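Structure below is my_file.cif: mmCIF, C-alpha atoms.
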data_query
#
loop_
_atom_site.label_atom_id
_atom_site.label_comp_id
_atom_site.auth_asym_id
_atom_site.auth_seq_id
_atom_site.Cartn_x
_atom_site.Cartn_y
_atom_site.Cartn_z
CA MET B 1 0.00 0.00 0.00
CA THR B 2 1.46 3.35 -1.02
CA GLN B 3 0.83 6.37 1.16
CA HIS B 4 2.06 9.93 0.57
CA PHE B 5 2.46 12.30 3.49
CA PRO B 6 1.83 16.04 3.00
CA THR B 7 4.85 17.17 4.97
CA ARG B 8 8.61 17.02 4.96
CA GLN B 9 9.99 13.49 5.03
CA LEU B 10 9.27 11.86 8.36
CA ARG B 11 12.05 10.14 10.29
CA PHE B 12 11.05 6.71 11.57
CA PHE B 13 12.74 4.85 14.41
CA LEU B 14 12.59 1.30 15.71
CA THR B 15 12.38 0.43 19.39
CA ALA B 16 14.52 -2.22 21.03
CA PRO B 17 12.81 -5.58 21.70
CA THR B 18 10.75 -5.72 24.91
CA PRO B 19 8.39 -8.37 26.36
CA CYS B 20 5.07 -8.37 24.53
CA PRO B 21 2.25 -7.07 26.78
CA TYR B 22 -0.37 -9.13 24.94
CA LEU B 23 1.11 -12.55 24.12
CA PRO B 24 3.27 -14.33 26.75
CA GLY B 25 6.70 -15.46 25.68
CA ARG B 26 6.94 -13.07 22.74
CA GLU B 27 8.82 -9.85 22.16
CA GLU B 28 7.53 -6.69 20.57
CA ARG B 29 9.11 -3.87 18.63
CA LYS B 30 7.47 -0.68 17.44
CA VAL B 31 8.26 1.66 14.60
CA PHE B 32 7.47 5.27 15.43
CA ALA B 33 7.75 8.85 14.23
CA HIS B 34 7.27 12.23 15.86
CA LEU B 35 4.22 14.07 14.56
CA PRO B 36 5.16 17.51 13.18
CA LEU B 37 3.64 20.55 14.87
CA SER B 38 2.85 22.25 11.56
CA ASP B 39 0.57 19.63 9.97
CA GLY B 40 0.15 17.05 12.73
CA PRO B 41 -3.58 16.42 12.09
CA THR B 42 -3.05 15.62 8.40
CA VAL B 43 -0.05 13.39 9.07
CA ASN B 44 -1.92 11.63 11.88
CA ASP B 45 -4.83 10.99 9.49
CA SER B 46 -2.49 9.47 6.89
CA LEU B 47 -0.56 7.34 9.37
CA THR B 48 -3.75 6.01 10.94
CA GLN B 49 -4.79 4.76 7.50
CA VAL B 50 -1.71 2.51 7.41
CA GLY B 51 -2.04 1.12 10.92
CA PHE B 52 -0.40 3.66 13.23
CA ARG B 53 -1.72 4.74 16.63
CA ARG B 54 -1.02 8.00 18.46
CA SER B 55 0.51 8.51 21.91
CA GLN B 56 1.11 12.20 22.72
CA ASN B 57 3.15 13.52 19.76
CA ILE B 58 4.29 10.07 18.67
CA ALA B 59 2.67 7.85 16.03
CA TYR B 60 3.59 4.17 16.29
CA ARG B 61 2.70 0.72 15.04
CA PRO B 62 3.97 -2.82 15.74
CA ALA B 63 7.07 -3.94 13.83
CA CYS B 64 7.70 -7.34 15.40
CA GLU B 65 10.18 -9.61 13.67
CA THR B 66 8.35 -12.95 13.93
CA CYS B 67 4.73 -12.07 14.61
CA ARG B 68 1.92 -10.11 13.00
CA ALA B 69 -0.80 -10.78 15.54
CA CYS B 70 -1.63 -7.08 16.08
CA GLN B 71 -4.02 -5.82 13.41
CA SER B 72 -5.59 -2.38 13.24
CA ALA B 73 -9.37 -2.49 13.65
CA ARG B 74 -12.15 -0.05 12.87
CA ALA B 75 -15.94 -0.29 12.94
CA PRO B 76 -17.93 1.10 9.98
CA ALA B 77 -20.43 3.36 11.71
CA ALA B 78 -23.04 3.75 8.96
CA ASP B 79 -23.43 -0.02 8.52
CA TYR B 80 -23.33 -0.85 12.20
CA VAL B 81 -26.48 -2.51 13.54
CA PHE B 82 -26.56 -2.77 17.32
CA SER B 83 -27.28 -6.21 18.70
CA ARG B 84 -29.87 -6.79 21.40
CA SER B 85 -27.21 -6.99 24.10
CA GLU B 86 -25.53 -3.80 22.81
CA ARG B 87 -28.84 -1.94 22.89
CA LYS B 88 -29.20 -3.07 26.50
CA VAL B 89 -25.78 -1.62 27.34
CA LEU B 90 -26.74 1.70 25.76
CA SER B 91 -30.06 1.69 27.63
CA ARG B 92 -28.42 0.76 30.92
CA ASN B 93 -26.30 3.89 30.67
CA GLY B 94 -29.03 6.13 29.36
CA ASP B 95 -28.97 8.08 32.63
CA LEU B 96 -25.47 9.38 31.90
CA GLU B 97 -24.73 12.77 30.39
CA ARG B 98 -22.06 13.07 27.70
CA HIS B 99 -19.83 16.15 27.89
CA LEU B 100 -17.29 17.03 25.18
CA VAL B 101 -14.46 19.02 26.77
CA GLU B 102 -11.19 20.46 25.52
CA SER B 103 -8.07 18.33 25.89
CA GLU B 104 -7.15 19.80 29.27
CA ALA B 105 -6.32 17.49 32.17
CA THR B 106 -8.15 17.82 35.49
CA LEU B 107 -7.44 16.33 38.89
CA GLU B 108 -10.91 14.80 38.88
CA GLN B 109 -10.07 12.85 35.72
CA PHE B 110 -6.69 11.83 37.10
CA GLU B 111 -8.19 10.50 40.34
CA LEU B 112 -10.62 8.38 38.32
CA LEU B 113 -7.77 7.13 36.14
CA ARG B 114 -5.71 6.15 39.21
CA ARG B 115 -8.60 4.12 40.65
CA TYR B 116 -9.13 2.44 37.29
CA LEU B 117 -5.45 1.55 36.83
CA LEU B 118 -4.93 0.27 40.37
CA THR B 119 -8.01 -1.94 40.11
CA ARG B 120 -7.84 -3.16 36.51
CA HIS B 121 -4.18 -2.81 35.45
CA ALA B 122 -2.09 -2.75 38.63
CA ASP B 123 0.70 -4.73 36.95
CA GLY B 124 0.64 -2.72 33.69
CA GLY B 125 3.08 -0.13 32.43
CA MET B 126 0.74 2.76 33.24
CA ALA B 127 0.13 1.85 36.89
CA GLU B 128 2.83 4.28 38.04
CA MET B 129 1.47 7.19 36.01
CA THR B 130 1.91 10.53 37.77
CA TRP B 131 -0.04 13.75 37.40
CA PRO B 132 2.56 15.26 35.02
CA ASP B 133 2.38 12.04 32.95
CA TYR B 134 -1.38 12.37 32.67
CA VAL B 135 -1.16 16.03 31.71
CA ALA B 136 1.29 15.11 28.95
CA MET B 137 -0.97 12.28 27.72
CA VAL B 138 -3.93 14.64 27.36
CA GLU B 139 -2.35 17.97 26.44
CA ASP B 140 0.91 17.17 24.62
CA THR B 141 -0.52 16.90 21.13
CA ALA B 142 -0.55 18.57 17.74
CA VAL B 143 -3.69 16.85 16.43
CA ARG B 144 -7.45 17.38 16.65
CA THR B 145 -8.39 15.77 19.93
CA HIS B 146 -10.81 16.13 22.84
CA LEU B 147 -12.10 14.38 25.93
CA ILE B 148 -15.54 12.90 26.43
CA GLU B 149 -16.68 12.83 30.06
CA TYR B 150 -19.62 10.69 31.12
CA ARG B 151 -21.34 11.96 34.24
CA ARG B 152 -24.36 11.12 36.31
CA ARG B 153 -27.10 13.69 36.01
CA SER B 154 -26.81 16.31 38.70
CA HIS B 155 -29.70 17.24 40.99
CA ASP B 156 -28.33 20.75 41.35
CA ARG B 157 -26.54 23.14 39.01
CA GLY B 158 -23.11 21.58 39.52
CA PRO B 159 -21.59 18.81 37.42
CA GLY B 160 -22.61 15.24 38.21
CA ASP B 161 -20.19 12.56 39.34
CA LEU B 162 -17.58 11.63 36.71
CA ILE B 163 -17.75 7.89 36.09
CA ALA B 164 -16.02 7.48 32.71
CA CYS B 165 -13.70 9.40 30.40
CA VAL B 166 -12.10 8.83 27.01
CA LEU B 167 -9.46 10.67 24.97
CA VAL B 168 -10.56 10.85 21.33
CA ASP B 169 -8.82 11.98 18.15
CA VAL B 170 -10.97 13.42 15.37
CA LEU B 171 -9.80 12.13 11.98
CA PHE B 172 -11.02 13.12 8.55
CA ASP B 173 -12.91 9.83 8.31
CA GLY B 174 -13.79 8.99 11.89
CA LEU B 175 -13.16 8.97 15.61
CA SER B 176 -10.08 7.27 17.05
CA LEU B 177 -10.35 6.10 20.66
CA VAL B 178 -6.93 6.77 22.15
CA TYR B 179 -7.48 5.75 25.77
CA SER B 180 -10.49 5.24 28.03
CA PHE B 181 -10.94 4.71 31.76
CA TYR B 182 -13.89 4.46 34.09
CA ASP B 183 -15.13 3.67 37.60
CA PRO B 184 -13.98 0.06 38.14
CA GLU B 185 -16.70 -0.61 40.72
CA LEU B 186 -19.58 -0.11 38.26
CA VAL B 187 -19.17 -3.50 36.61
CA LYS B 188 -22.85 -3.97 35.73
CA ARG B 189 -22.79 -0.88 33.52
CA SER B 190 -20.27 -2.46 31.07
CA LEU B 191 -18.67 0.96 30.70
CA GLY B 192 -15.84 -0.17 28.43
CA SER B 193 -18.34 -1.49 25.88
CA PHE B 194 -20.62 1.49 26.40
CA ILE B 195 -17.87 3.95 25.46
CA ILE B 196 -17.27 2.17 22.15
CA LEU B 197 -20.99 1.86 21.37
CA ASP B 198 -21.65 5.49 22.25
CA HIS B 199 -18.90 6.61 19.87
CA LEU B 200 -20.53 4.57 17.12
CA VAL B 201 -23.70 6.52 17.90
CA GLN B 202 -21.75 9.80 17.73
CA ALA B 203 -20.16 8.83 14.41
CA GLN B 204 -23.57 7.98 12.97
CA GLN B 205 -25.00 11.28 14.16
CA THR B 206 -22.15 13.33 12.67
CA GLY B 207 -21.76 11.35 9.45
CA LEU B 208 -18.24 10.10 10.18
CA PRO B 209 -17.60 6.72 8.51
CA TYR B 210 -15.51 4.91 11.14
CA VAL B 211 -14.64 4.43 14.78
CA TYR B 212 -11.02 3.31 15.16
CA LEU B 213 -10.51 0.82 17.99
CA GLY B 214 -6.74 0.31 18.02
CA TYR B 215 -5.29 -3.17 17.62
CA TRP B 216 -7.15 -6.45 17.52
CA VAL B 217 -4.92 -9.23 18.87
CA PRO B 218 -6.38 -12.74 18.51
CA GLY B 219 -5.10 -14.95 21.30
CA SER B 220 -4.89 -12.08 23.78
CA GLU B 221 -7.69 -11.85 26.34
CA LYS B 222 -6.86 -8.16 26.75
CA MET B 223 -7.40 -7.27 23.08
CA ALA B 224 -9.35 -10.11 21.40
CA TYR B 225 -12.66 -8.72 22.68
CA LYS B 226 -12.79 -6.29 19.77
CA ALA B 227 -13.88 -9.14 17.49
CA ARG B 228 -17.25 -9.02 19.26
CA TYR B 229 -18.13 -5.84 17.39
CA SER B 230 -19.64 -6.49 13.99
CA PRO B 231 -19.18 -5.40 11.28
CA LEU B 232 -15.49 -4.79 11.88
CA GLU B 233 -12.73 -3.99 9.41
CA ILE B 234 -9.11 -5.00 9.89
CA LEU B 235 -6.06 -3.71 8.04
CA LYS B 236 -4.51 -6.32 5.77
CA PRO B 237 -1.53 -6.02 3.40
CA GLY B 238 -3.92 -5.08 0.59
CA GLY B 239 -5.87 -2.55 2.60
CA TRP B 240 -8.89 -2.45 4.93
CA ALA B 241 -11.27 -5.41 4.66
CA LEU B 242 -14.23 -6.75 6.62
CA MET B 243 -13.31 -9.33 9.23
CA SER B 244 -14.44 -12.79 8.14
CA ALA B 245 -16.30 -15.29 10.30
CA ARG B 246 -13.17 -17.43 10.32
CA GLU B 247 -11.04 -14.54 11.56
CA ARG B 248 -13.65 -13.65 14.15
CA GLY B 249 -13.31 -17.12 15.63
CA ALA B 250 -9.49 -17.12 15.58
CA ARG B 251 -7.89 -18.30 18.80
CA SER B 252 -4.17 -18.09 18.11
CA PRO B 253 -2.11 -15.51 16.21
CA ARG B 254 -0.19 -16.27 13.08
CA ALA B 255 3.59 -16.45 13.24
CA LEU B 256 5.63 -15.33 10.24
CA GLY B 257 7.81 -17.57 8.17
CA PRO B 258 11.49 -16.70 7.67
CA ARG B 259 10.89 -14.89 4.36
CA GLU B 260 7.98 -12.83 5.74
CA ALA B 261 9.98 -11.94 8.84
CA GLU B 262 12.83 -10.77 6.65
CA ASP B 263 10.46 -8.66 4.55
CA ARG B 264 9.19 -6.91 7.67
CA ASP B 265 12.64 -6.13 9.06
CA LEU B 266 13.26 -2.37 9.29
CA ASP B 267 16.72 -0.91 8.98
CA MET B 268 16.29 1.89 11.51
CA SER B 269 17.95 3.12 14.66
CA ASP B 270 16.89 1.63 17.98
CA ALA B 271 15.18 3.97 20.45
CA GLU B 272 12.96 3.89 23.49
CA PRO B 273 9.90 6.15 23.08
CA ALA B 274 7.43 6.75 25.90
CA ILE B 275 4.54 4.85 24.33
CA LEU B 276 1.41 4.32 26.42
CA ASP B 277 -0.64 1.14 26.64
CA ASP B 278 -3.25 0.71 23.93
CA LEU B 279 -6.96 1.33 24.44
#

In structure tokens, write the structure found in this file.
Amino acid sequence: MTQHFPTRQLRFFLTAPTPCPYLPGREERKVFAHLPLSDGPTVNDSLTQVGFRRSQNIAYRPACETCRACQSARAPAADYVFSRSERKVLSRNGDLERHLVESEATLEQFELLRRYLLTRHADGGMAEMTWPDYVAMVEDTAVRTHLIEYRRRSHDRGPGDLIACVLVDVLFDGLSLVYSFYDPELVKRSLGSFIILDHLVQAQQTGLPYVYLGYWVPGSEKMAYKARYSPLEILKPGGWALMSARERGARSPRALGPREAEDRDLDMSDAEPAILDDL
């Protein structure tokens, strides 16, 4: 797939191998580039089309030597028909108010994030996130982005309790969910699913074609859940294509043969970017 970027030539770097956070016993590498301040939104749009994700002012994608399990996934909003269970999730959270706010960090958001991380991802790379780290995650950006806060309805004039929040990039063809977090005690609300479903609703209402969900990783309990959403497109060597029933039922990722691994090798300098966990 050929892609032209409307900016000066980007410099790409390759990270050193580190333990894979999704598949035990494997190593991961990422290729990344710094988004330019001048035309960051346009470059981010183009890179997303070829499988990159954004973290602060870095765009990255997997570049593993012997594995291609991670595949970019997006849901076509216009063609999406909510299942009975998905409609129940939306209805269950119908008492929440959605607030679009500028990409400015607040202590209220950070406190919710800390509770979420310590309960759901205490052993993850983000568990030690500090307030300055969170500010950088939300505010250090050159792209079109915002936060969506989900709050209980207030009985007075003040804001209701914050129970979920998501950082969202606005692309030319959709919404990209960068990172979401929510009250870990409200299990019955299925807030993680609700956030995705509500953004499909938003995309339908605004006429945006897609909601980008990050990487689908068959064989990983942490990331395989994305196959539940249907229809779903995944990025293949020939471009975006609808996920097949066979792929939807995949249990183990595909390892590359020697020739494929060689083809994917990137002759770039090693580096260690501060890349956050995926959605």

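Here the PyMOL selection byres ((chain B and resi 227-244) around 6) captures the residues Ser72, Ala73, Arg74, Ala75, Tyr225, Lys226, Ala245, Arg246, Glu247 and Arg248 of chain B.
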
Keeping C-alpha atoms for every residue in the selection just given, could you write it to a file as a PDB file, in the coordinates of the input?
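Printed below is selection-v2.pdb as written:
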ATOM      1  CA  SER B  72      -5.590  -2.380  13.240  1.00  0.00           C
ATOM      2  CA  ALA B  73      -9.370  -2.490  13.650  1.00  0.00           C
ATOM      3  CA  ARG B  74     -12.150  -0.050  12.870  1.00  0.00           C
ATOM      4  CA  ALA B  75     -15.940  -0.290  12.940  1.00  0.00           C
ATOM      5  CA  TYR B 225     -12.660  -8.720  22.680  1.00  0.00           C
ATOM      6  CA  LYS B 226     -12.790  -6.290  19.770  1.00  0.00           C
ATOM      7  CA  ALA B 245     -16.300 -15.290  10.300  1.00  0.00           C
ATOM      8  CA  ARG B 246     -13.170 -17.430  10.320  1.00  0.00           C
ATOM      9  CA  GLU B 247     -11.040 -14.540  11.560  1.00  0.00           C
ATOM     10  CA  ARG B 248     -13.650 -13.650  14.150  1.00  0.00           C
TER      11      ARG B 248
END

Subject >> Chain and number of each residue from the PyMOL selection byres ((chain B and resi 37-44) around 7), as a PyMOL selection string >> reply: chain B and resi 5-6+35-36+45-48+142-144

For this structure, which residues satisfy the selection - the PyMOL selection byres ((chain B and resi 32) around 6) - when it is evaluated on the file as given? I want them as a PDB file with C-alpha atoms, in the frame of the given file.
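Contents of out36.pdb, freshly written:
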ATOM      1  CA  PHE B  12      11.050   6.710  11.570  1.00  0.00           C
ATOM      2  CA  PHE B  13      12.740   4.850  14.410  1.00  0.00           C
ATOM      3  CA  VAL B  31       8.260   1.660  14.600  1.00  0.00           C
ATOM      4  CA  ALA B  33       7.750   8.850  14.230  1.00  0.00           C
ATOM      5  CA  ALA B  59       2.670   7.850  16.030  1.00  0.00           C
ATOM      6  CA  TYR B  60       3.590   4.170  16.290  1.00  0.00           C
TER       7      TYR B  60
END

Subject >> Spatial neighbours of B:Asp183, 12 Å, all atoms listed in the file, chain gap at least 3 places, as a PyMOL selection string >> reply: chain B and resi 108-120+149-152+161-165+180+186-192

Using the file's own x, y and z axes, what box holds all listed atoms of stretch 234-239 of chain B with 6 Å on each side, keeping edges along x, y and z, and what are its centre and edge lengths in Å to one decimal, as AutoDock Vina command-line options?
--center_x -5.3 --center_y -4.4 --center_z 5.2 --size_x 19.6 --size_y 15.8 --size_z 21.3

**OP:** Using only C-alpha atoms, determine which residues lie at most 7 Å from stretch 168-175 of chain B, disregarding the query and same-chain residues fewer than 4 positions distant; provide the list as number ranges by chain.
**Re:** B: 45, 144-147, 203, 208-212

**OP:** Figure out the distance between atom CA of B:Ser176 and atom CA of B:Leu14, please, to one decimal in Å.
**Re:**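 Between atom CA of B:Leu14 and atom CA of B:Ser176 the gap works out to 23.5 Å.
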
Original post:
For B:Ala136, which of B:Phe82, B:Asn57, B:His155, B:Ala122 is the closest residue, counting only C-alpha atoms?
Top reply: B:Asn57

Original post:
In Å, with one decimal, what is the gap from atom CA of B:Asp133 to atom CA of B:Pro21?
Top reply: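 Atom-to-atom, atom CA of B:Asp133 and atom CA of B:Pro21 are spaced 20.1 Å apart.
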
**OP:** May I ask for the distance between atom CA of B:Cys64 and atom CA of B:Lys30, given in Å to one decimal place?
**Re:** 7.0 Å

**OP:** Would you mind telling me which residue in B:Val50, B:Lys88, B:Val81, B:Arg68 lies nearest to B:Leu200 when using only C-alpha atoms?
**Re:**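 Smallest separation from B:Leu200 among the options: B:Val81.
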
Original post:
Counting only C-alpha atoms, which of B:Tyr22, B:Tyr134, B:Phe181, B:Phe194 gets nearest to B:Trp216?
Top reply: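 Closest to B:Trp216 of all the choices is B:Tyr22.
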
**OP:** Using only C-alpha atoms, determine which residues lie at most 12 Å from B:Arg87, disregarding the query and same-chain residues fewer than 3 positions distant; provide the list as number ranges by chain.
**Re:** B: 81-84, 90-94, 190, 193-194, 197-198, 201
